[in-house]
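Asker: Sharing start17.cif below, mmCIF, C-alpha atoms:
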```cif
data_final
#
loop_
_atom_site.label_atom_id
_atom_site.label_comp_id
_atom_site.auth_asym_id
_atom_site.auth_seq_id
_atom_site.Cartn_x
_atom_site.Cartn_y
_atom_site.Cartn_z
CA MET A 1 53.79 -28.26 -29.40
CA SER A 2 56.58 -26.30 -31.02
CA VAL A 3 60.10 -26.78 -29.84
CA GLU A 4 62.54 -23.88 -30.07
CA VAL A 5 65.51 -24.85 -32.21
CA LYS A 6 68.75 -23.26 -31.12
CA PRO A 7 71.18 -22.08 -33.78
CA ILE A 8 74.38 -23.96 -34.42
CA VAL A 9 77.33 -21.98 -33.04
CA PHE A 10 80.81 -22.68 -34.33
CA LYS A 11 83.72 -21.63 -32.14
CA ARG A 12 87.15 -22.19 -33.57
CA SER A 13 89.97 -22.62 -31.08
CA ARG A 14 93.04 -20.48 -31.75
CA GLY A 15 95.23 -22.53 -29.46
CA LEU A 16 95.49 -22.73 -25.71
CA LEU A 17 97.93 -19.82 -25.42
CA ARG A 18 96.03 -17.41 -27.68
CA ASP A 19 92.70 -18.30 -26.08
CA SER A 20 94.24 -17.55 -22.67
CA LEU A 21 95.84 -14.22 -23.63
CA THR A 22 92.76 -12.24 -22.65
CA TYR A 23 92.67 -13.71 -19.16
CA ILE A 24 96.45 -13.40 -18.76
CA HIS A 25 96.31 -9.72 -19.73
CA LEU A 26 93.36 -9.03 -17.45
CA GLY A 27 95.07 -10.73 -14.50
CA LEU A 28 98.45 -9.03 -14.95
CA SER A 29 97.02 -5.57 -15.59
CA SER A 30 94.66 -5.91 -12.61
CA LEU A 31 97.57 -6.95 -10.38
CA ALA A 32 99.55 -3.93 -11.60
CA LEU A 33 96.64 -1.62 -10.79
CA ILE A 34 96.14 -3.14 -7.33
CA GLY A 35 99.88 -2.99 -6.65
CA PHE A 36 100.07 0.69 -7.56
CA ILE A 37 97.08 1.47 -5.35
CA GLY A 38 98.99 -0.28 -2.56
CA LEU A 39 101.99 1.97 -3.25
CA LEU A 40 99.75 5.01 -3.04
CA ALA A 41 98.43 3.84 0.34
CA LEU A 42 102.02 3.26 1.51
CA PHE A 43 103.20 6.76 0.61
CA ILE A 44 100.06 8.35 2.08
CA LEU A 45 100.11 6.48 5.39
CA SER A 46 103.88 6.32 5.90
CA PRO A 47 105.67 8.70 3.52
CA ASN A 48 108.92 8.68 5.55
CA GLY A 49 108.87 5.05 6.66
CA ARG A 50 111.62 2.57 6.04
CA LEU A 51 109.76 0.77 3.26
CA ALA A 52 108.79 4.00 1.50
CA SER A 53 112.36 5.33 1.77
CA SER A 54 113.77 2.18 0.18
CA MET A 55 111.69 2.64 -2.99
CA PRO A 56 113.48 3.84 -6.15
CA GLY A 57 113.20 7.50 -7.02
CA PHE A 58 111.02 7.02 -10.08
CA VAL A 59 108.54 4.98 -8.01
CA ARG A 60 108.31 7.78 -5.45
CA VAL A 61 107.78 10.39 -8.18
CA ALA A 62 105.14 8.26 -9.93
CA SER A 63 103.33 7.60 -6.63
CA THR A 64 103.39 11.14 -5.28
CA LYS A 65 103.36 13.55 -8.24
CA TYR A 66 102.07 11.68 -11.27
CA TYR A 67 99.79 9.15 -9.64
CA ILE A 68 96.73 10.37 -11.56
CA GLU A 69 98.50 9.77 -14.86
CA VAL A 70 99.70 6.34 -13.76
CA LEU A 71 96.22 5.37 -12.52
CA LEU A 72 94.69 6.56 -15.77
CA ALA A 73 97.25 4.60 -17.82
CA LEU A 74 96.68 1.43 -15.77
CA PHE A 75 92.92 1.86 -16.05
CA PHE A 76 93.18 2.11 -19.84
CA LEU A 77 95.52 -0.88 -19.78
CA VAL A 78 92.88 -2.95 -17.99
CA ILE A 79 89.85 -1.98 -20.08
CA GLY A 80 91.68 -1.03 -23.30
CA PRO A 81 91.58 -4.43 -25.07
CA TYR A 82 87.94 -4.94 -24.11
CA VAL A 83 86.93 -1.51 -25.39
CA TRP A 84 89.00 -2.03 -28.54
CA ASN A 85 87.31 -5.37 -29.24
CA ARG A 86 83.88 -3.84 -28.66
CA ASN A 87 84.73 -0.94 -30.96
CA ARG A 88 85.95 -3.37 -33.64
CA ALA A 89 82.76 -5.43 -33.27
CA PHE A 90 80.68 -2.25 -33.55
CA ASN A 91 82.50 -1.17 -36.73
CA ARG A 92 82.05 -4.67 -38.15
CA LEU A 93 78.33 -4.50 -37.38
CA MET A 94 78.03 -1.13 -39.10
CA ASP A 95 79.84 -2.51 -42.14
CA MET A 96 77.58 -5.57 -42.26
CA GLU A 97 74.45 -3.42 -42.12
CA ALA A 98 75.85 -1.16 -44.86
CA ARG A 99 76.40 -4.12 -47.24
CA PHE A 100 73.25 -5.98 -46.26
CA PRO A 101 71.00 -4.24 -48.88
CA GLU A 102 73.43 -5.21 -51.65
CA TRP A 103 73.26 -8.85 -50.60
CA LEU A 104 69.46 -8.77 -50.51
CA ILE A 105 69.32 -7.39 -54.05
CA ASP A 106 71.66 -10.15 -55.29
CA VAL A 107 69.48 -12.78 -53.62
CA ALA A 108 66.35 -11.27 -55.20
CA GLU A 109 67.95 -11.23 -58.67
CA ALA A 110 69.04 -14.86 -58.32
CA LYS A 111 65.51 -15.80 -57.22
CA GLU A 112 64.02 -13.99 -60.22
CA ALA A 113 66.39 -15.99 -62.46
CA GLY A 114 64.53 -19.15 -61.47
CA MET A 115 66.56 -20.39 -58.51
CA THR A 116 65.14 -21.58 -55.24
CA MET A 117 65.81 -19.50 -52.15
CA ALA A 118 68.50 -21.93 -51.00
CA GLN A 119 70.18 -21.77 -54.41
CA ALA A 120 69.88 -17.98 -54.47
CA VAL A 121 71.60 -17.65 -51.10
CA TYR A 122 74.24 -20.19 -52.16
CA SER A 123 74.96 -18.29 -55.39
CA THR A 124 76.02 -15.15 -53.53
CA ALA A 125 78.97 -16.89 -51.84
CA SER A 126 81.35 -15.88 -54.64
CA SER A 127 80.64 -12.14 -54.22
CA ASN A 128 82.46 -9.74 -51.93
CA TYR A 129 80.37 -8.03 -49.27
CA SER A 130 83.18 -6.81 -47.01
CA ALA A 131 82.41 -7.78 -43.38
CA LEU A 132 79.31 -9.65 -44.54
CA THR A 133 81.31 -11.96 -46.82
CA LYS A 134 82.26 -14.37 -44.05
CA GLU A 135 78.64 -14.82 -42.99
CA VAL A 136 77.46 -15.27 -46.60
CA ARG A 137 80.03 -17.99 -47.24
CA ARG A 138 79.10 -19.65 -43.97
CA MET A 139 75.45 -19.72 -45.01
CA ALA A 140 76.46 -21.22 -48.38
CA THR A 141 78.47 -23.91 -46.59
CA GLU A 142 75.54 -24.80 -44.34
CA ILE A 143 73.20 -24.99 -47.35
CA SER A 144 75.66 -27.33 -49.06
CA TRP A 145 75.31 -29.58 -46.01
CA GLY A 146 71.60 -29.89 -46.72
CA ARG A 147 70.20 -27.49 -44.12
CA SER A 148 67.07 -25.55 -45.01
CA PHE A 149 67.55 -21.94 -45.98
CA GLU A 150 65.07 -20.85 -43.26
CA ARG A 151 67.24 -22.40 -40.55
CA VAL A 152 70.37 -20.98 -42.16
CA LEU A 153 68.90 -17.47 -42.29
CA SER A 154 67.61 -17.76 -38.71
CA ASP A 155 71.08 -18.68 -37.46
CA PHE A 156 72.56 -15.79 -39.42
CA ALA A 157 70.07 -13.39 -37.82
CA VAL A 158 71.17 -14.56 -34.36
CA ARG A 159 74.90 -14.37 -35.15
CA SER A 160 74.67 -10.93 -36.69
CA LYS A 161 73.66 -9.37 -33.34
CA SER A 162 71.85 -6.68 -35.31
CA LYS A 163 68.19 -5.99 -34.57
CA PHE A 164 67.75 -4.49 -38.02
CA ILE A 165 69.21 -7.50 -39.88
CA ALA A 166 67.33 -9.93 -37.65
CA SER A 167 63.96 -8.22 -38.18
CA THR A 168 64.51 -8.15 -41.96
CA ILE A 169 65.52 -11.83 -42.07
CA TYR A 170 62.50 -12.90 -40.01
CA THR A 171 60.25 -10.90 -42.34
CA ILE A 172 61.68 -12.75 -45.34
CA ILE A 173 61.23 -16.10 -43.60
CA ALA A 174 57.62 -15.26 -42.74
CA ALA A 175 56.96 -14.22 -46.36
CA SER A 176 58.50 -17.47 -47.60
CA ARG A 177 56.29 -19.54 -45.34
CA ALA A 178 53.18 -17.58 -46.37
CA GLY A 179 53.91 -18.21 -50.05
CA GLY A 180 53.52 -15.77 -52.89
CA GLU A 181 56.11 -13.60 -54.61
CA ILE A 182 58.95 -13.50 -52.12
CA THR A 183 61.20 -11.44 -54.40
CA THR A 184 58.89 -8.46 -53.90
CA THR A 185 59.35 -8.77 -50.15
CA ILE A 186 63.13 -9.05 -50.51
CA ARG A 187 63.36 -6.01 -52.76
CA SER A 188 61.15 -4.00 -50.43
CA ALA A 189 63.41 -4.99 -47.53
CA ALA A 190 66.46 -4.00 -49.57
CA GLU A 191 64.94 -0.59 -50.36
CA ALA A 192 64.11 -0.05 -46.69
CA ALA A 193 67.66 -1.03 -45.74
CA GLU A 194 69.13 1.37 -48.32
CA LYS A 195 66.96 4.21 -47.03
CA ARG A 196 68.06 3.42 -43.49
CA GLN A 197 71.71 3.54 -44.49
CA MET A 198 71.15 6.80 -46.36
CA ILE A 199 69.52 8.35 -43.28
CA ARG A 200 72.39 7.10 -41.11
CA LYS A 201 74.97 8.65 -43.46
CA GLU A 202 73.11 11.95 -43.48
CA GLN A 203 72.91 11.94 -39.70
CA SER A 204 76.60 11.11 -39.40
CA ALA A 205 77.52 13.90 -41.82
CA GLY A 206 75.27 16.32 -39.95
CA MET A 207 76.76 15.38 -36.58
CA LYS A 208 80.37 15.80 -37.69
CA GLN A 209 80.08 19.55 -37.20
CA TYR A 210 79.13 18.94 -33.57
CA VAL A 211 82.14 16.65 -33.19
CA TYR A 212 84.36 19.44 -34.51
CA MET A 213 82.61 21.88 -32.19
CA SER A 214 83.44 19.62 -29.22
CA TYR A 215 87.13 19.88 -30.12
CA PHE A 216 86.89 23.63 -30.59
CA SER A 217 85.01 24.14 -27.31
CA PHE A 218 87.54 22.00 -25.47
CA MET A 219 90.42 24.15 -26.75
CA ILE A 220 88.48 27.22 -25.62
CA PHE A 221 88.11 25.56 -22.23
CA VAL A 222 91.89 25.07 -22.04
CA GLY A 223 92.38 28.77 -22.86
CA VAL A 224 89.87 29.82 -20.21
CA VAL A 225 91.65 27.64 -17.66
CA TYR A 226 94.94 29.33 -18.49
CA ILE A 227 93.43 32.82 -18.10
CA VAL A 228 91.66 31.97 -14.83
CA TYR A 229 94.71 30.29 -13.32
CA SER A 230 97.27 32.89 -14.38
CA SER A 231 95.26 36.06 -13.69
CA PHE A 232 92.95 35.06 -10.83
CA LEU A 233 94.00 31.96 -8.93
CA LYS A 234 97.64 33.01 -8.61
CA GLU A 235 96.59 36.38 -7.25
CA LEU A 236 94.11 34.74 -4.91
CA GLY A 237 96.88 32.53 -3.58
CA GLY A 238 99.14 35.55 -3.08
CA LEU A 239 96.69 37.60 -1.02
CA GLN A 240 97.24 35.67 2.16
CA PHE A 241 100.97 35.68 1.55
CA SER A 242 101.10 39.50 1.18
CA PHE A 243 98.99 40.01 4.32
CA SER A 244 101.20 37.70 6.40
CA MET A 245 104.33 39.57 5.23
CA THR A 246 103.10 42.78 6.86
CA SER A 247 101.67 41.34 10.03
CA ALA A 248 103.75 38.30 10.95
CA SER A 249 107.31 37.40 11.79
CA GLN A 250 109.81 35.81 9.40
CA ALA A 251 108.68 32.34 10.51
CA GLY A 252 105.10 33.33 9.79
CA ALA A 253 106.13 34.56 6.34
CA GLU A 254 107.74 31.22 5.52
CA LEU A 255 104.61 29.42 6.69
CA SER A 256 102.52 31.65 4.46
CA ALA A 257 104.80 30.85 1.52
CA ALA A 258 104.25 27.16 2.15
CA GLU A 259 100.52 27.73 2.40
CA LYS A 260 100.56 29.64 -0.88
CA ALA A 261 102.44 26.83 -2.62
CA ALA A 262 100.02 24.27 -1.19
CA LYS A 263 97.01 26.31 -2.29
CA LEU A 264 98.32 26.69 -5.84
CA ALA A 265 99.16 22.99 -5.95
CA HIS A 266 95.58 22.25 -4.91
CA TYR A 267 94.25 24.51 -7.67
CA ARG A 268 96.46 22.77 -10.25
CA PHE A 269 95.31 19.36 -9.00
CA VAL A 270 91.62 20.26 -9.33
CA ILE A 271 92.17 21.76 -12.79
CA LYS A 272 94.10 18.70 -13.94
CA VAL A 273 91.40 16.28 -12.79
CA LEU A 274 88.68 18.47 -14.33
CA MET A 275 90.45 18.63 -17.69
CA ILE A 276 91.07 14.87 -17.78
CA GLU A 277 87.43 14.18 -16.94
CA SER A 278 86.26 16.63 -19.58
CA ALA A 279 88.57 15.07 -22.20
CA VAL A 280 87.40 11.50 -21.57
CA GLY A 281 83.72 12.40 -21.24
CA GLY A 282 83.78 14.74 -24.23
CA GLY A 283 85.53 12.15 -26.39
CA LEU A 284 83.03 9.41 -25.55
CA TYR A 285 80.13 11.78 -26.17
CA ALA A 286 81.65 12.73 -29.53
CA GLY A 287 81.53 9.04 -30.46
CA VAL A 288 77.84 8.95 -29.51
CA LEU A 289 77.18 11.96 -31.73
CA GLU A 290 79.17 10.61 -34.65
CA LYS A 291 78.21 6.91 -34.72
CA GLY A 292 75.76 6.43 -31.89
CA SER A 293 78.15 4.45 -29.68
CA ALA A 294 80.47 5.46 -26.86
CA TYR A 295 82.94 2.80 -27.99
CA ALA A 296 83.42 4.74 -31.21
CA GLY A 297 84.46 7.76 -29.12
CA LEU A 298 87.58 6.08 -27.72
CA LYS A 299 89.78 7.61 -30.41
CA HIS A 300 88.31 11.05 -29.67
CA ALA A 301 88.94 10.55 -25.94
CA LEU A 302 92.60 9.65 -26.54
CA LEU A 303 93.09 12.63 -28.84
CA LEU A 304 91.46 15.00 -26.36
CA LEU A 305 93.67 13.56 -23.60
CA ALA A 306 96.72 14.40 -25.73
CA LEU A 307 95.36 17.94 -26.17
CA THR A 308 94.74 18.05 -22.41
CA TYR A 309 98.34 17.37 -21.53
CA ALA A 310 99.58 19.77 -24.16
CA GLY A 311 97.29 22.38 -22.61
CA LEU A 312 98.45 21.49 -19.09
CA PHE A 313 102.08 21.94 -20.04
CA VAL A 314 101.34 25.31 -21.64
CA THR A 315 99.03 26.43 -18.82
CA PHE A 316 101.36 25.53 -15.98
CA GLY A 317 104.58 26.46 -17.69
CA GLY A 318 105.83 22.91 -18.27
CA SER A 319 104.58 21.52 -14.96
CA ILE A 320 101.49 19.41 -14.58
CA ILE A 321 102.04 18.53 -10.92
#
```
Since I need it in another form, could you write the structure as structure tokens?
Answerer:
Amino acid sequence: MSVEVKPIVFKRSRGLLRDSLTYIHLGLSSLALIGFIGLLALFILSPNGRLASSMPGFVRVASTKYYIEVLLALFFLVIGPYVWNRNRAFNRLMDMEARFPEWLIDVAEAKEAGMTMAQAVYSTASSNYSALTKEVRRMATEISWGRSFERVLSDFAVRSKSKFIASTIYTIIAASRAGGEITTTIRSAAEAAEKRQMIRKEQSAGMKQYVYMSYFSFMIFVGVVYIVYSSFLKELGGLQFSFSMTSASQAGAELSAAEKAAKLAHYRFVIKVLMIESAVGGGLYAGVLEKGSAYAGLKHALLLLALTYAGLFVTFGGSII
């Protein structure tokens, strides 16, 4: 009866304060988001109440005119560190997979020189493999403790969190157990890994044009919004106002002016929300096209948001309310 052996996991403590920073940030940012939502409810339910009137002016402006921007900023504040850590982990994984074929070739060459597999893995600890270097040195340290190279490689496959690296490592372990010329298997795995990286680079280079097209199409979208709002929506809002001027009293004309302002404000609100949604969604999708992960599209989303607000200021003449 075989017993599953779990890998050894090392977790180094960075200190009580640094280990707690993530939870402190999440708690404070969540409280800020909940508090601002409470302010929104206060100004919606009782805009002229005593409590609402006692609020500072900038709080009233942020809660009535720029609440979408504040909510968006607080939302990014809550999930920003998590997304950033996931994006950093994704980039580290891509770097590890890119240097993995080089490490396999070095192991194969050391094995061909007459070393055992454990010695071959240990001999690569002095080389630099970028993000893979830390894992290689860790494997060398574990081998120096007397652990078998199969167990060391199995633990590395689990820690890497890469299906490609794990499948390659398990293939090498199976070939080692079966006997025969393991260097041939390692070199074949290295060649397959190199071809995979070459295909990934070609796909990334081919998809960059679509990433650029997403930026270009978004700028076209901003231009179309400006044309539609300035030449159509403004006129549509003025039709009712012109009709009421000819058929109503002065009080009716003032009411129509208020209705026109409210209608245009509603149009601007819908356009603003639509542009923000398009910027965030388009940026995340650009990351999927470029690197196959939405986390990699965070930088594109932030850049498109900056273009969004530049377009909103130009479209609405300096006002994004």
Asker: Apply the PyMOL selection byres ((chain A and resi 133-146) around 9) to the structure shown and report the selected residues as a ChimeraX atom specification.
Answerer: /A:96,103,118-119,121-132,147-149,152-153,155-156,159-160
Asker: Between A:Lys201, A:Arg50, A:Lys65, A:Arg86, which residue has the minimum interatomic distance to Ser293 in chain A, considering all atoms listed in the file?
Answerer: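 Smallest distance to Ser293 in chain A is found for A:Arg86.
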Asker: What's the separation between CA of Pro101 in chain A and CA of Ala89 in chain A, in Å to one decimal place?
Answerer: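 A separation of 19.6 Å between them.
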Asker: When you draw a straight line from CA of Leu298 in chain A to CA of Val83 in chain A, how long is it in Å?
Answerer: 8.0 Å
Asker: List the neighbours of Tyr67 in chain A out to 12 Å using all atoms listed in the file; skip same-chain residues closer than 4 positions along the sequence, and give me the result as an MDAnalysis selection string.
Answerer: chainID A and resid 33 36:41 43:44 58:63 71:75 269 272:273 320:321
Asker: Excluding Ser176 in chain A and residues on its chain fewer than 5 positions from it, collect all residues at most 9 Å away from it, counting all atoms listed in the file, and give them as a list of chain:residue names.
Answerer: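 So, after excluding close chain neighbours, the residues are A:Met117, A:Glu150, A:Thr171, A:Glu181, A:Ile182.
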Asker: CA of Gln197 in chain A and CA of Leu93 in chain A, how far apart in Å?
Answerer: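 Between CA of Leu93 in chain A and CA of Gln197 in chain A the gap is 12.6 Å.
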Asker: Mind telling me what the PyMOL selection byres ((chain A and resi 226) around 9) catches here, as JSON, numbers by chain?
Answerer: {"A": [221, 222, 223, 224, 225, 227, 228, 229, 230, 231, 311, 312, 314, 315, 316]}
Asker: Between A:Val270, A:Met94, A:Ala108, A:Ala306, which is the closest to Lys291 in chain A once you count all atoms listed in the file?
Answerer: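 For Lys291 in chain A, the nearest of the given residues is A:Met94.
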Asker: Choose the residue, out of A:Leu31, A:Met55, A:Ala265, A:Leu26, that has the smallest atom-to-atom separation from Ile79 in chain A; count only C-alpha atoms.
Answerer: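 Closest candidate: A:Leu26.
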Asker: Quick one: residues within 10 Å of Lys208 in chain A, all atoms listed in the file, excluding same-chain residues fewer than 6 positions away - as a PyMOL selection string?
Answerer: chain A and resi 214+286-287+289-291
Asker: Would you write out, as number ranges by chain, every residue that the PyMOL selection byres ((chain A and resi 165) around 10) captures in this file?
Answerer: A: 93, 96-97, 100-101, 156-158, 160-164, 166-171, 189, 193
Asker: Calculated over only C-alpha atoms, which of the candidates A:Ile276, A:Gly283, A:Arg268, A:Tyr295 has the smallest distance to Val211 in chain A?
Answerer: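 Closest to Val211 in chain A, using only C-alpha atoms: A:Gly283.
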Asker: Choose the residue, out of A:Ile271, A:Leu104, A:Met219, A:Val288, that has the smallest atom-to-atom separation from Ser188 in chain A; count only C-alpha atoms.
Answerer: A:Leu104
Asker: Just add N, CA and C atoms to range 274-286 of chain A and send it as a compact mmCIF listing (two decimals), in the frame of the given file.
Answerer:
```
# COMPACT_ATOMS: atom_id res chain seq x y z
N LEU A 274 89.83 17.98 -13.57
CA LEU A 274 88.68 18.47 -14.33
C LEU A 274 88.93 18.36 -15.83
N MET A 275 90.15 18.70 -16.27
CA MET A 275 90.45 18.63 -17.69
C MET A 275 90.50 17.19 -18.18
N ILE A 276 91.04 16.28 -17.38
CA ILE A 276 91.07 14.87 -17.78
C ILE A 276 89.65 14.32 -17.89
N GLU A 277 88.82 14.65 -16.90
CA GLU A 277 87.43 14.18 -16.94
C GLU A 277 86.69 14.75 -18.14
N SER A 278 86.93 16.01 -18.44
CA SER A 278 86.26 16.63 -19.58
C SER A 278 86.74 16.01 -20.89
N ALA A 279 88.03 15.67 -20.98
CA ALA A 279 88.57 15.07 -22.20
C ALA A 279 87.96 13.69 -22.44
N VAL A 280 87.93 12.86 -21.41
CA VAL A 280 87.40 11.50 -21.57
C VAL A 280 85.89 11.55 -21.84
N GLY A 281 85.17 12.31 -21.03
CA GLY A 281 83.72 12.40 -21.24
C GLY A 281 83.35 13.03 -22.57
N GLY A 282 84.07 14.10 -22.95
CA GLY A 282 83.78 14.74 -24.23
C GLY A 282 84.10 13.84 -25.41
N GLY A 283 85.18 13.06 -25.31
CA GLY A 283 85.53 12.15 -26.39
C GLY A 283 84.50 11.05 -26.57
N LEU A 284 84.04 10.46 -25.46
CA LEU A 284 83.03 9.41 -25.55
C LEU A 284 81.71 9.96 -26.09
N TYR A 285 81.37 11.17 -25.67
CA TYR A 285 80.13 11.78 -26.17
C TYR A 285 80.25 12.12 -27.66
N ALA A 286 81.45 12.49 -28.10
CA ALA A 286 81.65 12.73 -29.53
C ALA A 286 81.42 11.46 -30.34
```
